[in-house]
Amino acid sequence: MSHAEILTNTELAHRFRRLADLLEIRGDPVFKVIAYRRAADSLAQQPESARALKERGELGAIPGVGKAIAQKIEDLFDTGTFKLWEEVVREIPPGVADLLQIPDVGPKRARQLYAELGVKGLDSLREAVEQGRLSEVSGLGSRGAQRIVEGLRSLQPPSALIPLGTAHPLALSLLAELEVQAGGLAHSSPAGGVRRRCEAVSDVAFVVAHSRPDSILSLLSTLPTVAEVEPTGERAAAARLHTGARVTLTVCEPRSFGAVLHHWTGSREYITRLAAFASERGYELTEFGLTSGGELETFEDERALYERLGMQYVPPTMREDADMVDAAAAGEVPVEIEVSMLHGDLHSHSTWSDGQHTIREMAEAARARGYEYLCVTDHSQSLGVANGLSPERLAAQRVEIEAVNQELAPFRLLQGVELEVRGDGSLDLPDETLAALDIVVASVHTGLRQERDRLTSRALSAIRSPYVDVLAHPTGRIVGGRAGGDFDMDALIAEAARTGTILEINSDPARLDLRDTHAHQALVAGCTLSIDSDAHTTDGLGNVWYGADVASRARATVGAIHNALTLTEMLAGLKRHRLRN
DNA sequence: GCCGTTTTCGGCCCGACTGTTTTCAGTCG
């Protein structure tokens with residue numbers, strides 16, 4: 001069947017997510033909707049193809065996939081559709097689900113827009129807005145209508161940019177597939193914005209080296225995830241994946257790999273400035289190396305290129321701006337922030353709130369990473385969806401933490417909390433509870449769309465509390481998703497510097513918050529930063545490399561990173577201890 | 001719809017914030 005050949009796990013996940021949205025709009029029981037969403041997430045994460053599992057009769061082994069969903073997957077492979085899908089899209093056009101992308105439009109509003117205005121999708125809604133028909137919707141006032149208009153305007157075209165958290169693993173998996181197909185590669189690396197750790201990229205670039213470069217390009221179209229390939233040069237091609245992502249591949253001989261990788265890593269501004277610098281020294285910098293007196297010198301290793309130019313090596317995370325060329329010439333390139341510099345993590349979750357692993361499992365994973373300490377900072381009480389902790393539950397958690405500490409010493413588990421800053425700026429737990437904890441990480445999760453003054457004053461009241469040590473993900477933005485709150489960042493940074501409140505670089509690839517530019521601004525203002533995982537699983541602890549690279553892009557020094565301190569220094573440096581002593 | 005050392009039923013994702021229908025429904029995290 002032709003359907004079977006093109007159905008990837010990602011596509012199956014898309015289909016079930018859309019089904020869940022449509023069912024929710026139709027008003028089906030919420031737990032049924034949740035079940036489809038969970039199955040979709042699970043399919044997207046499944047390393048083995050659903051097709052292979054189907055052939056072995058093991059679809060049911062996927063978590064969240066039971067008899068009913070397994071049957072629907074089989075039907076999709078066999079016929080390209082299934083009965084419930086056909087039934088639902090007859091009632092609600094699939095495009096109606098796109099309305100859910102608009103802030104403030106949920107399932108009820110989407111259904112209303114369809115039922116009362118005949119809106120069948122985003123374009124259809126734009127038409128209705130132009131015709132001024134939004135006022136016809138029952139129960140939608142002028143402010144509500146205005147929000148929908150603004151929300152509609154703020155929508156990005158789909159997949160315009162790929163977040164780093166998607167692009168990086170994608171680049172690695174494509175390289176792995178290519179390596180298998182090629183029977184080994186001399187060298188390979190992601191390039192472009194992915195390698196510079198830009199938070200989002202327009203395409204996923206990579207460079208591979210092989211003794212027979214021309215044989216590699218033709219392999220690209222054989223990869224199962226690749227939809228179409230277009231040659232863009234003798235040794236370069238652009239491809240589009242089934243997911244819609246754009247990929248660019250450059251191949252070269254092993255002896256040129258360093259120079260070619262360097263060229264395609266960019267940034268353009270940086271390369272242009274470096275070429276000018278090389279030219280002043282009698283070299284022409286090209287994609288393939290350095291030319292001097294008509295003679296091309298190739299470089300297998302990037303560092304050798306820098307050595308030939310008589311300058312310090314510049315890591316990819318610092319190749320955004322041209323000024324680093326001058327710094328490298330003067331031998332003043334900052335030391336890159338690396339995960340190995342971190343002694344612990346100040347922000348993580350366990351099964352006490354919405355984490356997936358127990359305190360003990362998290363502690364053991366942190367110890368295995370070589371950490372000296374881990375702060376368990378489960379959510380506070382008012383975040384109901386995350387099963388937030390009351391003072392009583394925190395006291396009970398303390399007992400468990402101490403027990404784990406007995407066993408794992410000298411490794412140290414610290415008890416903290418991720419404290420809700422409420423809508424009115426008050427804190428979600430009483431002072432005496434906060435005072436008894438080792439560390440407090442405060443977060444603004446709710447009301448992120450309040451107007452600037454109100455939102456800013458909430459964050460400021462958290463920063464000014466003597467019990468708040470860290471402000472977590474300070475803007476609340478989601479990369480490629482919501483923009484984050486309209487905080488006055490100048491005011492937050494100034495107050496954090498004044499009070500000694502640590503500002504977090506949240507390493508969750510969906511957040512990367514503070515972003516590089518804000519982190520740089522905070523460093524200049526004299527703030528201390530932390531690089532935290534916000535892990536909800538043991539694997540999540542490993543995300544700190546994203547945060548470390550944000551710090552490098554912000555040109556942080558290790559002295560400004562609070563969790564690069566040893567346990568004793570880290571604790572002594574917390575606001576609560578400095579104020580007490 | 002899925003899941004089960006509380007297995008074939010009854011749980012599972014709760015509470016804050018907001019606008020508006022002024023007593024609560026819808027959205028969001």
# chains A, B, ... in the order shown; residues from 1 in each chain; ligands from 1
$ closest_atom_pairs --of "chain A" --to "chain B" --cutoff "8 Å" --atoms "only C-alpha atoms (C1' of nucleotides)" --output "Markdown table"
| residue | atom | partner | partner_atom | distance |
| --- | --- | --- | --- | --- |
| A:Phe31 | CA | B:DC12 | C1' | 6.9 |
| A:Lys32 | CA | B:DG1 | C1' | 5.0 |
| A:Ala35 | CA | B:DG1 | C1' | 5.4 |
| A:Tyr36 | CA | B:DG1 | C1' | 7.2 |
| A:Gly64 | CA | B:DC2 | C1' | 6.0 |
| A:Val65 | CA | B:DC2 | C1' | 7.3 |
| A:Gly66 | CA | B:DC2 | C1' | 6.3 |
| A:Ala68 | CA | B:DG1 | C1' | 7.3 |
| A:Ile69 | CA | B:DG1 | C1' | 7.9 |
| A:Asp104 | CA | B:DT27 | C1' | 5.9 |
| A:Val105 | CA | B:DT27 | C1' | 7.3 |
| A:Gly106 | CA | B:DT27 | C1' | 6.2 |
| A:Lys108 | CA | B:DG26 | C1' | 7.2 |
| A:Arg109 | CA | B:DG26 | C1' | 7.9 |
| A:Gly139 | CA | B:DT21 | C1' | 6.2 |
| A:Gly141 | CA | B:DT20 | C1' | 7.2 |
| A:Arg143 | CA | B:DG19 | C1' | 7.7 |
| A:Gly144 | CA | B:DG19 | C1' | 7.3 |
| A:Ser382 | CA | B:DG15 | C1' | 6.6 |
| A:Leu383 | CA | B:DG15 | C1' | 6.7 |
| A:Gly384 | CA | B:DC14 | C1' | 4.4 |
| A:Val385 | CA | B:DC14 | C1' | 4.7 |
| A:Ala386 | CA | B:DC14 | C1' | 7.9 |
| A:Asn387 | CA | B:DC14 | C1' | 7.6 |
| A:Gly423 | CA | B:DC17 | C1' | 7.4 |
| A:His445 | CA | B:DG29 | C1' | 6.5 |
| A:Thr446 | CA | B:DG29 | C1' | 6.8 |
| A:Gly447 | CA | B:DC17 | C1' | 6.1 |
$ closest_residue --among "A:Gly151, A:His242, A:Ala551, A:Ile337" --to "His14 in chain A" --atoms "only C-alpha atoms"
A:His242
$ residues_around --residues "range 88-90 of chain A" --least-positions-apart "4" --cutoff "8 Å" --atoms "only C-alpha atoms (C1' of nucleotides)" --output "list in words"
Leu19, Leu22, Leu23, Leu84 and Pro94 of chain A
$ write_last_selection --atoms "all heavy atoms" --output "tab-separated table (two decimals), in the first residue's frame"
chain	number	residue	atom	x	y	z
A	19	LEU	N	-6.75	14.67	15.75
A	19	LEU	CA	-7.97	13.99	16.15
A	19	LEU	C	-8.37	14.41	17.56
A	19	LEU	O	-9.54	14.71	17.82
A	19	LEU	CB	-7.76	12.46	16.10
A	19	LEU	CG	-8.96	11.64	16.59
A	19	LEU	CD1	-10.15	11.77	15.66
A	19	LEU	CD2	-8.58	10.16	16.75
A	22	LEU	N	-9.90	17.84	17.49
A	22	LEU	CA	-11.24	17.83	16.91
A	22	LEU	C	-12.26	17.21	17.87
A	22	LEU	O	-13.38	17.69	17.99
A	22	LEU	CB	-11.25	17.08	15.57
A	22	LEU	CG	-10.47	17.78	14.45
A	22	LEU	CD1	-10.31	16.87	13.24
A	22	LEU	CD2	-11.15	19.09	14.04
A	23	LEU	N	-11.83	16.15	18.57
A	23	LEU	CA	-12.73	15.53	19.55
A	23	LEU	C	-13.03	16.51	20.68
A	23	LEU	O	-14.17	16.59	21.16
A	23	LEU	CB	-12.09	14.26	20.12
A	23	LEU	CG	-11.99	13.06	19.18
A	23	LEU	CD1	-11.18	11.94	19.84
A	23	LEU	CD2	-13.36	12.55	18.76
A	84	LEU	N	-13.36	6.53	12.83
A	84	LEU	CA	-13.62	7.67	13.73
A	84	LEU	C	-13.18	8.98	13.07
A	84	LEU	O	-13.85	10.01	13.18
A	84	LEU	CB	-12.90	7.47	15.07
A	84	LEU	CG	-13.06	8.61	16.08
A	84	LEU	CD1	-14.53	8.80	16.48
A	84	LEU	CD2	-12.22	8.38	17.33
A	94	PRO	N	-11.27	19.71	9.54
A	94	PRO	CA	-10.00	19.63	10.25
A	94	PRO	C	-9.36	20.99	10.49
A	94	PRO	O	-8.67	21.19	11.49
A	94	PRO	CB	-9.12	18.78	9.32
A	94	PRO	CG	-10.06	18.08	8.42
A	94	PRO	CD	-11.31	18.86	8.35
$ residues_around --residues "range 427-439 of chain A" --least-positions-apart "4" --cutoff "8 Å" --atoms "only C-alpha atoms (C1' of nucleotides)" --output "count of residues only"
19
$ select_by_dssp --residues "range 54-293 of chain A" --states "helix (DSSP H, G or I)" --output "number ranges by chain"
A: 54-55, 59-61, 67-79, 83-91, 94-101, 107-117, 122-130, 133-136, 142-154, 164-182, 192-196, 213-217, 220-222, 254-265, 268-280
$ residues_around --residues "Met318 in chain A" --least-positions-apart "2" --cutoff "10 Å" --atoms "only C-alpha atoms (C1' of nucleotides)" --output "VMD selection string"
chain A and resid 196 to 197 267 270 314 to 316 320 to 325 333 to 334 336 549 552 to 555
$ write_last_selection --atoms "C-alpha atoms" --output "short mmCIF file (atom, residue, chain, number, x, y, z; two decimals), in the first residue's frame"
data_model
loop_
_atom_site.label_atom_id
_atom_site.label_comp_id
_atom_site.auth_asym_id
_atom_site.auth_seq_id
_atom_site.Cartn_x
_atom_site.Cartn_y
_atom_site.Cartn_z
CA ARG A 196 26.22 28.13 16.76
CA ARG A 197 23.28 27.22 19.04
CA SER A 267 27.66 33.48 10.87
CA TYR A 270 31.64 36.73 11.31
CA VAL A 314 36.76 30.95 18.43
CA PRO A 315 34.15 28.37 19.43
CA PRO A 316 30.98 28.27 17.27
CA GLU A 320 27.54 35.38 16.00
CA ASP A 321 29.14 38.82 15.94
CA ALA A 322 32.11 39.99 13.91
CA ASP A 323 33.79 41.63 16.91
CA MET A 324 35.04 38.26 18.12
CA VAL A 325 37.52 38.22 15.21
CA VAL A 333 38.38 35.04 23.46
CA PRO A 334 36.36 34.23 26.61
CA GLU A 336 33.51 28.77 26.85
CA ASP A 549 25.77 27.28 25.35
CA SER A 552 28.68 31.10 26.17
CA ARG A 553 26.71 33.03 23.58
CA ALA A 554 26.10 35.63 26.31
CA ARG A 555 29.89 35.59 26.92
#
$ atom_distance --atom1 "CA of Cys252 in chain A" --atom2 "CA of Arg235 in chain A"
7.1 Å
$ select_by_dssp --residues "range 299-475 of chain A" --states "strand (DSSP E)" --output "list in words"
Gly344, Asp345, Tyr373, Leu374, Cys375, Val376, Thr377, Asp378, His379, Arg412, Leu413, Leu414, Gln415, Gly416, Val417, Glu418, Leu419, Glu420, Ile439, Val440, Val441, Ala442, Ser443, Val470 and Leu471 of chain A
$ write_last_selection --atoms "N, CA and C atoms" --output "mmCIF file, in the first residue's frame"
data_model
loop_
_atom_site.group_PDB
_atom_site.id
_atom_site.type_symbol
_atom_site.label_atom_id
_atom_site.label_comp_id
_atom_site.auth_asym_id
_atom_site.auth_seq_id
_atom_site.Cartn_x
_atom_site.Cartn_y
_atom_site.Cartn_z
ATOM 1 N N GLY A 344 26.474 21.450 40.270
ATOM 2 C CA GLY A 344 25.142 20.992 40.647
ATOM 3 C C GLY A 344 24.077 21.695 39.833
ATOM 4 N N ASP A 345 22.837 21.447 40.205
ATOM 5 C CA ASP A 345 21.698 21.980 39.461
ATOM 6 C C ASP A 345 20.723 22.552 40.497
ATOM 7 N N TYR A 373 25.802 18.286 44.080
ATOM 8 C CA TYR A 373 24.498 18.544 44.702
ATOM 9 C C TYR A 373 23.404 18.691 43.654
ATOM 10 N N LEU A 374 22.168 18.473 44.126
ATOM 11 C CA LEU A 374 20.987 18.699 43.293
ATOM 12 C C LEU A 374 19.917 19.334 44.163
ATOM 13 N N CYS A 375 19.334 20.426 43.694
ATOM 14 C CA CYS A 375 18.195 21.014 44.404
ATOM 15 C C CYS A 375 16.917 20.455 43.799
ATOM 16 N N VAL A 376 16.115 19.819 44.651
ATOM 17 C CA VAL A 376 14.793 19.377 44.214
ATOM 18 C C VAL A 376 13.828 20.520 44.503
ATOM 19 N N THR A 377 13.265 21.085 43.449
ATOM 20 C CA THR A 377 12.403 22.261 43.600
ATOM 21 C C THR A 377 11.045 21.950 42.977
ATOM 22 N N ASP A 378 10.255 21.154 43.692
ATOM 23 C CA ASP A 378 8.925 20.832 43.166
ATOM 24 C C ASP A 378 8.010 22.052 43.284
ATOM 25 N N HIS A 379 6.918 21.999 42.525
ATOM 26 C CA HIS A 379 6.023 23.155 42.453
ATOM 27 C C HIS A 379 5.328 23.418 43.794
ATOM 28 N N ARG A 412 24.879 15.591 47.901
ATOM 29 C CA ARG A 412 23.919 16.317 48.726
ATOM 30 C C ARG A 412 22.690 16.743 47.930
ATOM 31 N N LEU A 413 21.568 16.293 48.436
ATOM 32 C CA LEU A 413 20.286 16.697 47.892
ATOM 33 C C LEU A 413 19.796 17.878 48.714
ATOM 34 N N LEU A 414 19.410 18.963 48.057
ATOM 35 C CA LEU A 414 18.912 20.140 48.768
ATOM 36 C C LEU A 414 17.425 20.259 48.513
ATOM 37 N N GLN A 415 16.704 20.708 49.540
ATOM 38 C CA GLN A 415 15.269 20.875 49.351
ATOM 39 C C GLN A 415 14.940 22.331 49.036
ATOM 40 N N GLY A 416 14.305 22.508 47.905
ATOM 41 C CA GLY A 416 13.814 23.826 47.542
ATOM 42 C C GLY A 416 12.373 23.738 47.113
ATOM 43 N N VAL A 417 11.916 24.782 46.469
ATOM 44 C CA VAL A 417 10.568 24.773 45.923
ATOM 45 C C VAL A 417 10.567 25.688 44.712
ATOM 46 N N GLU A 418 9.744 25.364 43.718
ATOM 47 C CA GLU A 418 9.509 26.320 42.646
ATOM 48 C C GLU A 418 8.236 27.048 43.026
ATOM 49 N N LEU A 419 8.427 28.250 43.539
ATOM 50 C CA LEU A 419 7.380 29.009 44.208
ATOM 51 C C LEU A 419 6.568 29.835 43.222
ATOM 52 N N GLU A 420 5.248 29.653 43.255
ATOM 53 C CA GLU A 420 4.374 30.477 42.414
ATOM 54 C C GLU A 420 4.353 31.916 42.901
ATOM 55 N N ILE A 439 16.671 26.373 49.527
ATOM 56 C CA ILE A 439 16.721 27.315 48.412
ATOM 57 C C ILE A 439 15.292 27.530 47.892
ATOM 58 N N VAL A 440 15.024 28.719 47.385
ATOM 59 C CA VAL A 440 13.713 28.994 46.800
ATOM 60 C C VAL A 440 13.891 29.581 45.397
ATOM 61 N N VAL A 441 13.230 28.939 44.445
ATOM 62 C CA VAL A 441 13.255 29.366 43.051
ATOM 63 C C VAL A 441 11.846 29.875 42.744
ATOM 64 N N ALA A 442 11.713 31.134 42.383
ATOM 65 C CA ALA A 442 10.380 31.703 42.167
ATOM 66 C C ALA A 442 10.047 31.793 40.686
ATOM 67 N N SER A 443 8.768 31.566 40.361
ATOM 68 C CA SER A 443 8.343 31.571 38.960
ATOM 69 C C SER A 443 7.023 32.294 38.772
ATOM 70 N N VAL A 470 16.400 32.568 43.599
ATOM 71 C CA VAL A 470 16.545 32.480 42.142
ATOM 72 C C VAL A 470 15.219 32.876 41.488
ATOM 73 N N LEU A 471 15.295 33.647 40.429
ATOM 74 C CA LEU A 471 14.103 33.879 39.603
ATOM 75 C C LEU A 471 14.223 32.951 38.391
#
$ atom_distance --atom1 "CA of Ala70 in chain A" --atom2 "CA of Gly540 in chain A"
28.9 Å
$ residues_around --residues "Thr248 in chain A" --least-positions-apart "4" --cutoff "12 Å" --atoms "only C-alpha atoms (C1' of nucleotides)" --output "number ranges by chain"
A: 171, 174-175, 190-194, 201-208, 217, 220, 226, 228-233, 235-241, 264-265
$ atom_distance --atom1 "CA of Asn405 in chain A" --atom2 "CA of Ser465 in chain A"
28.5 Å
